[in-house]
Amino acid sequence: MSALRIPGVRRPGRLAAEAGTLLVAAATAFPLYWMVLSAFKPAGEIQSAHPRPWTLSPSLDSFRRVFEQQDFGRYFLNSLIVAGAVVLASALIAFLAATAVTRFRFRFRTTLLIMFLVAQMVPVEALAIPLFFLMRDLGQLNTLGSLILPHLAFSLPFAIWMLRGFVRAVPEALEEQAQIDGASRTRFLWQILFPLVFPGLVATSVFSFISTWNDFLFAKSFIISDTSQSTLPMALLVFFKPDENDWGGIMAGSTVMTVPVLVFFVLVQRRLVSGLGGAVKD
């Protein structure tokens with residue numbers, strides 16, 4: 001006879017799992033909490049030898065220095081342009097490419113898929129110098145194009161691999177039925193297939209947006225002399241000084257950079273959950 005389960009009493013294994021989850025969540029959230037806290041701390045508390053995980057006198061001086069920085073709005077707009085262009089272009093190209101490699105059979109199809117997989121394994125740092133010479137030969141240095149093209153290239157392999165599962169999960173019988181009803185392949189692609197794989201597009205777009213928005217390596221390497229083409233991460237360099245770093249300004253600028261990511265995540269949260277949870281079932 002199985003033991004009776006007492007209502008309201010949880011099993012030790014479940015309690016341990018919940019406790020471990022809370023510890024991991026706390027360890028993950030603590031750096032973000034400390035960043036925001038440091039952004040609101042006055043200078044004296046930030047430089048104190050005995051830091052405290054709270055402040056009794058919050059201040060907006062660090063944020064004031066960030067927004068008073070010259071061309072801060074320009075950097076913010078450049079980041080939005082670059083991230084938006086990468087998200088839209090990668091979503092469109094990845095959707096078409098995933099449909100092609102899933103629905104059609106052609107020569108070197110398997111080789112192409114393997115190349116997509118290998119491209120994900122190459123470290124970004126190893127390609128920074130070759131990409132610099134490529135952007136120079138294309139005449140794209142000191143332009144936003146030098147930031148859009150590399151991020152687009154790095155976003156596509158992951159997006160294509162992820163969307164293949166969503167496209168494959170859509171029954172081929174659905175396409176056959178659409179053709180019987182008189183729908184062309186183009187109409188099926190955009191009016192039927194696209195809405196079904198849209199959660200997957202949202203999931204890949206989140207990763208593309210975050211990696212592009214937080215980029216510092218390419219912005220530092222390809223934007224050399226024309227600072228008007230710089231993005232938001234480059235604005236933080238102003239607060240790194242030879243004699244003493246302005247940690248309040250750094251933390252305030254980092255907090256401002258985090259807000260668009262949070263807003264974007266909140267807007268697509270519901271679609272993101274369904275996109276990560278799986279594709280359409282037959």
# chains A, B, ... in the order shown; residues from 1 in each chain; ligands from 1

call {"tool": "select_by_dssp", "arguments": {"residues": "range 21-112 of chain A", "states": "alpha helix (DSSP H)", "output": "number ranges by chain"}}
result
A: 21-40, 43-46, 61-67, 72-103, 109-112

call {"tool": "residues_around", "arguments": {"residues": "range 153-158 of chain A", "least_positions_apart": "2", "cutoff": "6 Å", "atoms": "only C-alpha atoms", "output": "list in words"}}
result
Ser90, Ala94, Phe116, Pro150, His151, Ile160, Trp161 and Ser208 of chain A

call {"tool": "write_last_selection", "arguments": {"atoms": "N, CA and C atoms", "output": "mmCIF file, in the first residue's frame"}}
result
data_model
loop_
_atom_site.group_PDB
_atom_site.id
_atom_site.type_symbol
_atom_site.label_atom_id
_atom_site.label_comp_id
_atom_site.auth_asym_id
_atom_site.auth_seq_id
_atom_site.Cartn_x
_atom_site.Cartn_y
_atom_site.Cartn_z
ATOM 1 N N SER A 90 17.637 39.405 -40.452
ATOM 2 C CA SER A 90 17.921 38.014 -40.094
ATOM 3 C C SER A 90 16.644 37.189 -40.028
ATOM 4 N N ALA A 94 16.361 34.234 -42.631
ATOM 5 C CA ALA A 94 16.356 32.924 -41.971
ATOM 6 C C ALA A 94 15.067 32.165 -42.269
ATOM 7 N N PHE A 116 26.433 25.763 -41.899
ATOM 8 C CA PHE A 116 25.736 26.586 -40.919
ATOM 9 C C PHE A 116 26.136 26.189 -39.500
ATOM 10 N N PRO A 150 28.286 42.123 -40.215
ATOM 11 C CA PRO A 150 28.833 41.011 -39.420
ATOM 12 C C PRO A 150 27.813 40.391 -38.471
ATOM 13 N N HIS A 151 27.018 41.211 -37.803
ATOM 14 C CA HIS A 151 26.022 40.659 -36.886
ATOM 15 C C HIS A 151 24.955 39.871 -37.639
ATOM 16 N N ILE A 160 18.584 29.985 -38.725
ATOM 17 C CA ILE A 160 18.181 28.993 -39.721
ATOM 18 C C ILE A 160 18.033 27.615 -39.088
ATOM 19 N N TRP A 161 19.000 27.236 -38.254
ATOM 20 C CA TRP A 161 18.923 25.936 -37.595
ATOM 21 C C TRP A 161 17.702 25.851 -36.697
ATOM 22 N N SER A 208 19.191 37.625 -31.473
ATOM 23 C CA SER A 208 19.853 38.546 -32.400
ATOM 24 C C SER A 208 19.897 39.960 -31.831
#

call {"tool": "closest_atom_pairs", "arguments": {"of": "range 187-246 of chain A", "to": "range 49-68 of chain A", "cutoff": "10 Å", "atoms": "only C-alpha atoms", "output": "Markdown table"}}
result
| residue | atom | partner | partner_atom | distance |
| --- | --- | --- | --- | --- |
| A:Ala235 | CA | A:Val66 | CA | 8.8 |
| A:Leu236 | CA | A:Val66 | CA | 8.8 |
| A:Val238 | CA | A:Val66 | CA | 9.5 |
| A:Phe239 | CA | A:Val66 | CA | 9.0 |
| A:Asp246 | CA | A:Ser62 | CA | 8.8 |

call {"tool": "residues_around", "arguments": {"residues": "range 25-34 of chain A", "least_positions_apart": "3", "cutoff": "10 Å", "atoms": "only C-alpha atoms", "output": "ChimeraX atom specification"}}
result
/A:19-22,37-40,52-54,251,254-255,258

call {"tool": "write_last_selection", "arguments": {"atoms": "C-alpha atoms", "output": "mmCIF file, in the first residue's frame"}}
result
data_model
loop_
_atom_site.group_PDB
_atom_site.id
_atom_site.type_symbol
_atom_site.label_atom_id
_atom_site.label_comp_id
_atom_site.auth_asym_id
_atom_site.auth_seq_id
_atom_site.Cartn_x
_atom_site.Cartn_y
_atom_site.Cartn_z
ATOM 1 C CA ALA A 19 15.623 25.968 -3.176
ATOM 2 C CA GLY A 20 18.295 25.336 -5.803
ATOM 3 C CA THR A 21 16.256 27.237 -8.393
ATOM 4 C CA LEU A 22 15.916 30.204 -6.048
ATOM 5 C CA LEU A 37 21.965 50.072 -6.943
ATOM 6 C CA SER A 38 25.368 51.513 -7.836
ATOM 7 C CA ALA A 39 23.729 53.734 -10.449
ATOM 8 C CA PHE A 40 21.589 55.352 -7.720
ATOM 9 C CA ARG A 52 26.533 48.065 1.560
ATOM 10 C CA PRO A 53 23.797 46.292 -0.446
ATOM 11 C CA TRP A 54 21.474 49.263 0.007
ATOM 12 C CA MET A 251 26.648 51.711 -13.839
ATOM 13 C CA SER A 254 24.773 50.189 -18.239
ATOM 14 C CA THR A 255 21.353 50.495 -16.619
ATOM 15 C CA THR A 258 19.546 47.393 -20.227
#

call {"tool": "residues_around", "arguments": {"residues": "Glu176 in chain A", "least_positions_apart": "5", "cutoff": "12 Å", "atoms": "only C-alpha atoms", "output": "VMD selection string"}}
result
chain A and resid 170 to 171 181 to 185 188 192

call {"tool": "write_last_selection", "arguments": {"atoms": "all heavy atoms", "output": "CSV table (one decimal), in the first residue's frame"}}
result
chain,number,residue,atom,x,y,z
A,170,VAL,N,5.4,21.8,-39.5
A,170,VAL,CA,4.2,22.1,-40.3
A,170,VAL,C,3.9,21.0,-41.3
A,170,VAL,O,4.8,20.7,-42.1
A,170,VAL,CB,4.3,23.5,-41.0
A,170,VAL,CG1,3.1,23.8,-41.8
A,170,VAL,CG2,4.5,24.6,-40.0
A,171,PRO,N,2.8,20.3,-41.2
A,171,PRO,CA,2.6,19.2,-42.1
A,171,PRO,C,2.6,19.6,-43.5
A,171,PRO,O,2.0,20.6,-43.9
A,171,PRO,CB,1.2,18.7,-41.6
A,171,PRO,CG,0.9,19.3,-40.3
A,171,PRO,CD,1.7,20.6,-40.3
A,181,ASP,N,-6.9,24.1,-52.8
A,181,ASP,CA,-7.8,25.2,-52.7
A,181,ASP,C,-7.5,26.4,-53.5
A,181,ASP,O,-8.2,27.4,-53.5
A,181,ASP,CB,-7.9,25.6,-51.2
A,181,ASP,CG,-8.5,24.6,-50.3
A,181,ASP,OD1,-9.2,23.7,-50.8
A,181,ASP,OD2,-8.2,24.6,-49.1
A,182,GLY,N,-6.4,26.3,-54.3
A,182,GLY,CA,-6.0,27.3,-55.3
A,182,GLY,C,-5.0,28.3,-54.8
A,182,GLY,O,-4.7,29.3,-55.5
A,183,ALA,N,-4.4,28.1,-53.6
A,183,ALA,CA,-3.4,29.0,-53.1
A,183,ALA,C,-2.0,28.7,-53.8
A,183,ALA,O,-1.6,27.6,-53.9
A,183,ALA,CB,-3.2,28.8,-51.6
A,184,SER,N,-1.4,29.8,-54.2
A,184,SER,CA,-0.1,29.7,-54.8
A,184,SER,C,1.0,29.4,-53.7
A,184,SER,O,0.7,29.5,-52.5
A,184,SER,CB,0.3,30.9,-55.5
A,184,SER,OG,0.4,32.0,-54.6
A,185,ARG,N,2.2,29.0,-54.1
A,185,ARG,CA,3.2,28.8,-53.2
A,185,ARG,C,3.6,30.0,-52.4
A,185,ARG,O,3.9,30.0,-51.2
A,185,ARG,CB,4.5,28.2,-53.9
A,185,ARG,CG,5.6,27.8,-52.9
A,185,ARG,CD,6.8,27.3,-53.7
A,185,ARG,NE,6.4,26.1,-54.4
A,185,ARG,CZ,6.5,24.8,-53.9
A,185,ARG,NH1,6.8,24.7,-52.7
A,185,ARG,NH2,6.2,23.8,-54.7
A,188,PHE,N,0.9,30.6,-49.8
A,188,PHE,CA,1.0,29.6,-48.7
A,188,PHE,C,2.2,30.0,-47.8
A,188,PHE,O,2.1,29.9,-46.5
A,188,PHE,CB,1.3,28.2,-49.2
A,188,PHE,CG,1.7,27.2,-48.2
A,188,PHE,CD1,0.8,26.6,-47.3
A,188,PHE,CD2,3.1,26.9,-48.0
A,188,PHE,CE1,1.2,25.7,-46.3
A,188,PHE,CE2,3.5,26.0,-47.0
A,188,PHE,CZ,2.5,25.4,-46.2
A,192,ILE,N,0.1,31.4,-44.6
A,192,ILE,CA,-0.1,30.2,-43.8
A,192,ILE,C,1.2,29.8,-43.0
A,192,ILE,O,1.1,29.6,-41.8
A,192,ILE,CB,-0.6,29.0,-44.7
A,192,ILE,CG1,-1.9,29.4,-45.4
A,192,ILE,CG2,-0.7,27.7,-43.8
A,192,ILE,CD1,-2.4,28.3,-46.3

call {"tool": "closest_atom_pairs", "arguments": {"of": "range 102-220 of chain A", "to": "range 70-75 of chain A", "cutoff": "12 Å", "atoms": "only C-alpha atoms", "output": "JSON lines"}}
result
{"residue": "A:Leu144", "atom": "CA", "partner": "A:Tyr75", "partner_atom": "CA", "distance": 11.1}
{"residue": "A:Trp213", "atom": "CA", "partner": "A:Tyr75", "partner_atom": "CA", "distance": 11.3}
{"residue": "A:Ala219", "atom": "CA", "partner": "A:Tyr75", "partner_atom": "CA", "distance": 11.1}

call {"tool": "residues_around", "arguments": {"residues": "Ile224 in chain A", "least_positions_apart": "5", "cutoff": "9 Å", "atoms": "only C-alpha atoms", "output": "list of chain:residue names"}}
result
A:Leu141, A:Asn142, A:Ala219, A:Ser230

call {"tool": "atom_distance", "arguments": {"atom1": "CA of Ile93 in chain A", "atom2": "CA of Phe106 in chain A"}}
result
18.4 Å

call {"tool": "closest_residue", "arguments": {"among": "A:Ala97, A:Ala203, A:Ile129, A:Val122", "to": "Val167 in chain A", "atoms": "only C-alpha atoms"}}
result
A:Ala97

call {"tool": "decode", "arguments": {"residues": "range 42-53 of chain A", "atoms": "all heavy atoms", "output": "short mmCIF file (atom, residue, chain, number, x, y, z; two decimals), in the first residue's frame"}}
result
data_model
loop_
_atom_site.label_atom_id
_atom_site.label_comp_id
_atom_site.auth_asym_id
_atom_site.auth_seq_id
_atom_site.Cartn_x
_atom_site.Cartn_y
_atom_site.Cartn_z
N PRO A 42 25.20 57.67 -4.27
CA PRO A 42 26.07 58.84 -4.41
C PRO A 42 27.53 58.42 -4.51
O PRO A 42 27.89 57.28 -4.17
CB PRO A 42 25.80 59.63 -3.13
CG PRO A 42 25.28 58.63 -2.16
CD PRO A 42 24.55 57.60 -2.95
N ALA A 43 28.37 59.32 -4.97
CA ALA A 43 29.78 58.98 -5.22
C ALA A 43 30.47 58.48 -3.97
O ALA A 43 31.32 57.57 -4.03
CB ALA A 43 30.51 60.19 -5.80
N GLY A 44 30.15 59.05 -2.82
CA GLY A 44 30.82 58.64 -1.59
C GLY A 44 30.56 57.18 -1.25
O GLY A 44 31.47 56.47 -0.77
N GLU A 45 29.35 56.71 -1.45
CA GLU A 45 29.03 55.32 -1.13
C GLU A 45 29.64 54.35 -2.14
O GLU A 45 30.02 53.23 -1.78
CB GLU A 45 27.52 55.12 -1.07
CG GLU A 45 26.86 55.85 0.09
CD GLU A 45 25.40 55.48 0.22
OE1 GLU A 45 25.00 54.45 -0.36
OE2 GLU A 45 24.65 56.22 0.89
N ILE A 46 29.74 54.76 -3.40
CA ILE A 46 30.32 53.87 -4.42
C ILE A 46 31.79 53.63 -4.13
O ILE A 46 32.30 52.51 -4.27
CB ILE A 46 30.13 54.48 -5.82
CG1 ILE A 46 28.65 54.55 -6.17
CG2 ILE A 46 30.88 53.66 -6.87
CD1 ILE A 46 28.36 55.17 -7.50
N GLN A 47 32.50 54.66 -3.69
CA GLN A 47 33.93 54.55 -3.44
C GLN A 47 34.25 54.13 -2.02
O GLN A 47 35.42 54.09 -1.63
CB GLN A 47 34.59 55.89 -3.75
CG GLN A 47 34.41 56.35 -5.19
CD GLN A 47 34.93 57.74 -5.42
OE1 GLN A 47 35.41 58.40 -4.50
NE2 GLN A 47 34.85 58.21 -6.68
N SER A 48 33.25 53.80 -1.24
CA SER A 48 33.47 53.41 0.15
C SER A 48 34.21 52.07 0.22
O SER A 48 33.99 51.17 -0.60
CB SER A 48 32.14 53.31 0.88
OG SER A 48 32.32 52.81 2.19
N ALA A 49 35.06 51.95 1.22
CA ALA A 49 35.79 50.70 1.43
C ALA A 49 34.90 49.61 2.03
O ALA A 49 35.28 48.44 2.06
CB ALA A 49 37.00 50.93 2.34
N HIS A 50 33.74 50.00 2.51
CA HIS A 50 32.80 49.04 3.10
C HIS A 50 31.44 49.19 2.39
O HIS A 50 30.52 49.82 2.92
CB HIS A 50 32.65 49.28 4.60
CG HIS A 50 33.95 49.22 5.34
ND1 HIS A 50 34.61 48.05 5.64
CD2 HIS A 50 34.75 50.23 5.83
CE1 HIS A 50 35.73 48.30 6.29
NE2 HIS A 50 35.84 49.63 6.41
N PRO A 51 31.32 48.63 1.20
CA PRO A 51 30.07 48.78 0.44
C PRO A 51 28.91 48.07 1.12
O PRO A 51 29.07 47.01 1.73
CB PRO A 51 30.40 48.15 -0.92
CG PRO A 51 31.51 47.18 -0.62
CD PRO A 51 32.31 47.81 0.48
N ARG A 52 27.74 48.65 1.00
CA ARG A 52 26.53 48.06 1.56
C ARG A 52 25.54 47.75 0.45
O ARG A 52 25.48 48.46 -0.55
CB ARG A 52 25.88 49.04 2.54
CG ARG A 52 26.75 49.35 3.77
CD ARG A 52 26.05 50.37 4.66
NE ARG A 52 25.82 51.63 3.96
CZ ARG A 52 25.21 52.69 4.50
NH1 ARG A 52 24.78 52.62 5.76
NH2 ARG A 52 25.05 53.79 3.81
N PRO A 53 24.76 46.68 0.60
CA PRO A 53 23.80 46.29 -0.45
C PRO A 53 22.52 47.12 -0.41
O PRO A 53 21.46 46.63 -0.76
CB PRO A 53 23.52 44.82 -0.13
CG PRO A 53 23.71 44.72 1.34
CD PRO A 53 24.82 45.68 1.69
#
